[in-house]
Each structure stands twice: as C-alpha cells, then as structure tokens.
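One structure is given here, and the rest of the page talks about it.
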Amino acid sequence: MIKLAIVSPCYNEEALLESSANVLLTVLDSLSEKEKISIESFILFVNDGSKDSSWSIISALHEKMDKVRGINLAHNVGHQNALMAGMLTAKDLVDVVITIDCDLQDDVNAIEEMIDKYNEGYDVVYGVKVSRFGDSLLKRITAQAFYNFQRNYAHIESIYNHADFRLLSNRVLNALSEYRESNLYLRGIIPMIGFPSTTVDDTISERRAGKSKYSLSKMINLALDGITSFTSRPMMTIIHFGVAFTVISLFLLIYVLVKYIRGEVVPGWSSLMISIWFIGGVLLIALGIIGVYIGKIFSEVKNRPLFTIKDRLL
C-alpha cells in the first residue's frame, strides 16, 4: 500500500492547528481502514516562521500522536517556499504527497479520490475549485481575473481554478527537486514537468477560525511571480507601446508641419501637457516592468537557499 504524507504549511494558525490535525487524522485513519494507504502515513505540518504558538502546538500534537510530524523553518519564507520545504522533506520518506493549506478550506473528502486517481496511473492530481463561495468576494473576483489573464495574455500552462491542493507522486517530487528557482510559482512549474495528470473537484468551504494570511499585497506578489517567472510578454507589450507612440508622434509631426506651411497657429498647450504626462507615466510603468525582471535576475544569480529548517519532528 502507498505511504502518504499530507503536507500542510501554516503561518500563525494556532486557532486552527489542533482541529485541522484531528480532521486530517480522521482522513488518514479512514483511508488506512479501507487499505488504500499504509498505516505509516502521516501529516507533516510546516511552520513558516509563525509568531504565535503554532510550533508549540505542533510539538505537543507530535508527542501525543505519532502520525503528526512537523518541521520548523527558521524564519518566514512565504507560502510557496514553505510548501517546497515540506515536499522535499517528505520526498524520501513516502510514495505520495498531498499538499493542503492548514485552514482546510479545500475539500478533504477529495483526498480519497486523489488516491484512487493515483492508483489509476496518474502522477499528478489537481484539486480544481468547482465552487468558491467560501472565499471572499474580492478574492473570487481577483482570482478569476488572474486565471483569465494568465491563460489569455501570458499563455502560461497552468490548471484553471487550481491553487495548491494537489497530489504528487515520488517521481514528480524527484523531478521538482531539480528546479532551483528563487521565485517559486508551483502552479506553473508542476504542469511543466509533464507527468500524467488529472483533476478532482474541490469545493471550497469557509475558514473555521482565524483570518486568511493571504493579504491583497501577497496575492499581487504571487500573481507577479506567476507572470514574470514564465513569460516575457510584458516586455514585448512595452515594445508595442513604443512603436504605437512613435507612429502617433509622426502623425502629429505631419499635422503640425501642414498647419505651419499654411500659416496657421497650432494651439494645444493643454493637450501637449496631457500627452507629456501620459507618455511619462507609460515610461515609468515600462521601467518598473523592466525593473521587476532585473530584480528577479538579481535574486536568481545569488542562488540562496529557499528555506532553512530549524527543528524537525519526524
């Protein structure tokens, strides 16, 4: 039978940890009774530098229940890096890893279906959100806009309406460990690996306690990572703007010359100033986009480790 690790990153989740552990243990026990997974399967909580008592709770749960394990990162490294830390830690211990956020808004009942899909021969099983009513209105709107932007503008290979609830086989984890990117965007990297994949339905529920740690700024940063790590199309868009403005300026030059030859005064101080401010704004945006790419190059060439593990309970 397969040995499974459920990897769950957490950041300041003291209000949820114990109840989430109990829910996931129930899932493991149910799957073990059905002989779908080994009784040696476990939960691996990844404490992403929490400032509350999250690590103390994980330690206490580990002392009471052998199936609860944990790693404590030395400082906060972000959701994607924390996921990577958990998956790479579990890689040599199990056959299959399922990642799920500690708030358990994802549908834990889909875990059994993921295992069934793995037994059918799939190395990657994505949880695809069929309902987002558990998310806030702002999150639903921004998420849908981002997925559409990724697909239609950036042409990034990713799974529509999928976040980070997924199953990965051991050979996918081995392939993933070869990726040394500092700017991690797992939703784009994993589809690139190319192993057989499928999806299961994931119905999102409301958080049972606490607040989401994914602020608007973090979602924007994740979206920027998703776009700039996989496509150079924003820089091509800058070129298109440059060509368009050059053509417009040539037409304006011809217009002014014709007026001058005819001896007519060319008014338009206001429109001239508006044009200058507009073009200046576009130039600053263009420089900002280029700066994002240069910043990514800067972080990649340093080749610093993605995370540092302070404590292990394995």
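We label chains A, B, ... in the order they appear in the structure tokens, count residues from 1 in each chain, and number ligands from 1 in the order shown.
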
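All residues of protein, DNA or RNA that reach within 8 Å of Ser20 (chain A), judged by only C-alpha atoms and not counting those fewer than 2 positions away in the chain, are Leu16, Leu17, Glu18, Asn22, Val23, Leu24, Cys102, Asp103 and Leu104 of chain A.
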
For the selection just defined, write its residues with C-alpha atoms to a file, as a PDB file, in the first residue's frame.
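Output file out-v8.pdb is given in full below:
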ATOM      1  CA  LEU A  16      -6.839  26.072  13.700  1.00  0.00           C
ATOM      2  CA  LEU A  17      -3.970  23.651  14.135  1.00  0.00           C
ATOM      3  CA  GLU A  18      -5.479  21.196  16.594  1.00  0.00           C
ATOM      4  CA  ASN A  22      -7.927  15.953  14.020  1.00  0.00           C
ATOM      5  CA  VAL A  23      -9.733  16.259  10.673  1.00  0.00           C
ATOM      6  CA  LEU A  24      -6.685  15.083   8.705  1.00  0.00           C
ATOM      7  CA  CYS A 102      -3.804  24.355   7.160  1.00  0.00           C
ATOM      8  CA  ASP A 103      -7.145  26.178   7.152  1.00  0.00           C
ATOM      9  CA  LEU A 104      -8.663  23.160   5.322  1.00  0.00           C
TER      10      LEU A 104
END

Please identify every residue of region 58-158 of chain A that has at least one atom no farther than 12 Å from an atom of region 199-204 of chain A, counting only C-alpha atoms, and for each give the shortest atom pair and the distance in Å to one decimal, arranged by chain then increasing number, as a tab-separated table.
residue	atom	partner	partner_atom	distance
A:Ile100	CA	A:Asp202	CA	11.4
A:Asp101	CA	A:Ile204	CA	11.6
A:Asp103	CA	A:Ile204	CA	10.8
A:Leu104	CA	A:Ile204	CA	8.7
A:Gln105	CA	A:Ile204	CA	5.3
A:Asp106	CA	A:Ile204	CA	5.1
A:Asp107	CA	A:Asp202	CA	5.4
A:Val108	CA	A:Asp202	CA	8.5
A:Asn109	CA	A:Asp202	CA	8.7
A:Ala110	CA	A:Asp202	CA	6.7
A:Ile111	CA	A:Val200	CA	9.0
A:Glu112	CA	A:Val200	CA	10.2
A:Glu113	CA	A:Val200	CA	7.1
A:Met114	CA	A:Val200	CA	6.9
A:Ile115	CA	A:Val200	CA	10.6
A:Asp116	CA	A:Val200	CA	10.4
A:Lys117	CA	A:Thr199	CA	8.6
A:Tyr118	CA	A:Thr199	CA	10.7
A:Tyr122	CA	A:Thr199	CA	9.7
A:Asp123	CA	A:Thr199	CA	11.1
A:Val124	CA	A:Thr199	CA	8.3
A:Val125	CA	A:Thr199	CA	5.2
A:Tyr126	CA	A:Thr199	CA	4.6
A:Gly127	CA	A:Val200	CA	5.1
A:Val128	CA	A:Asp202	CA	5.2
A:Lys129	CA	A:Asp202	CA	4.6
A:Val130	CA	A:Thr203	CA	5.6
A:Ser131	CA	A:Thr203	CA	5.1
A:Arg132	CA	A:Ile204	CA	5.4
A:Phe133	CA	A:Ile204	CA	6.7
A:Gly134	CA	A:Ile204	CA	5.3
A:Asp135	CA	A:Ile204	CA	7.3
A:Ser136	CA	A:Ile204	CA	11.1
A:Arg140	CA	A:Ile204	CA	11.2

- request: Select from region 60-135 of chain A everything DSSP, run on the backbone, classes as alpha helix (DSSP H), then give the selection as a PyMOL selection string.
  value: chain A and resi 60-64+79-90+110-119

If you count only C-alpha atoms, which residues fall within 9 Å of Arg69 (chain A), apart from same-chain ones fewer than 3 positions away, as a compact mmCIF listing (two decimals) with N, CA and C atoms, in the first residue's frame?
# COMPACT_ATOMS: atom_id res chain seq x y z
N PHE A 42 1.39 9.81 7.31
CA PHE A 42 1.43 10.84 8.35
C PHE A 42 1.10 12.22 7.80
N ILE A 43 0.91 13.16 8.75
CA ILE A 43 0.72 14.58 8.43
C ILE A 43 2.02 15.30 8.73
N LEU A 44 2.45 16.15 7.82
CA LEU A 44 3.66 16.95 8.04
C LEU A 44 3.28 18.43 8.01
N PHE A 45 3.23 19.04 9.20
CA PHE A 45 2.97 20.47 9.28
C PHE A 45 4.28 21.24 9.08
N VAL A 46 4.22 22.29 8.28
CA VAL A 46 5.40 23.13 8.05
C VAL A 46 5.14 24.48 8.70
N ILE A 58 2.21 22.17 17.40
CA ILE A 58 2.66 21.06 16.56
C ILE A 58 3.50 20.08 17.38
N SER A 59 4.39 20.61 18.21
CA SER A 59 5.23 19.76 19.07
C SER A 59 4.39 18.94 20.04
N LEU A 61 1.22 18.08 19.66
CA LEU A 61 0.46 17.10 18.89
C LEU A 61 1.36 15.91 18.51
N HIS A 62 2.60 16.19 18.19
CA HIS A 62 3.55 15.12 17.83
C HIS A 62 3.81 14.19 19.02
N MET A 65 0.55 12.12 19.24
CA MET A 65 0.16 11.32 18.08
C MET A 65 1.34 11.17 17.12
N ASP A 66 1.76 9.95 16.91
CA ASP A 66 2.93 9.69 16.07
C ASP A 66 2.70 10.10 14.62
N ARG A 312 13.14 19.67 13.45
CA ARG A 312 12.42 18.60 12.75
C ARG A 312 11.81 17.67 13.78
N LEU A 313 10.56 17.28 13.53
CA LEU A 313 9.89 16.26 14.33
C LEU A 313 9.42 15.19 13.36
N LEU A 314 10.28 14.22 13.04
CA LEU A 314 9.98 13.23 12.02
C LEU A 314 10.03 11.82 12.59

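Comparing A:Val243, A:Ile189, A:Ala82, A:Ile6 by their smallest distance to Val27 (chain A), the closest is A:Ile6 (using only C-alpha atoms).
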
- request: Show which residues sit within 12 Å of Ser249 (chain A), as a ChimeraX atom specification. Count only C-alpha atoms, and ignore same-chain residues fewer than 4 positions away.
  value: /A:242-245,253-256,272,275-276,279
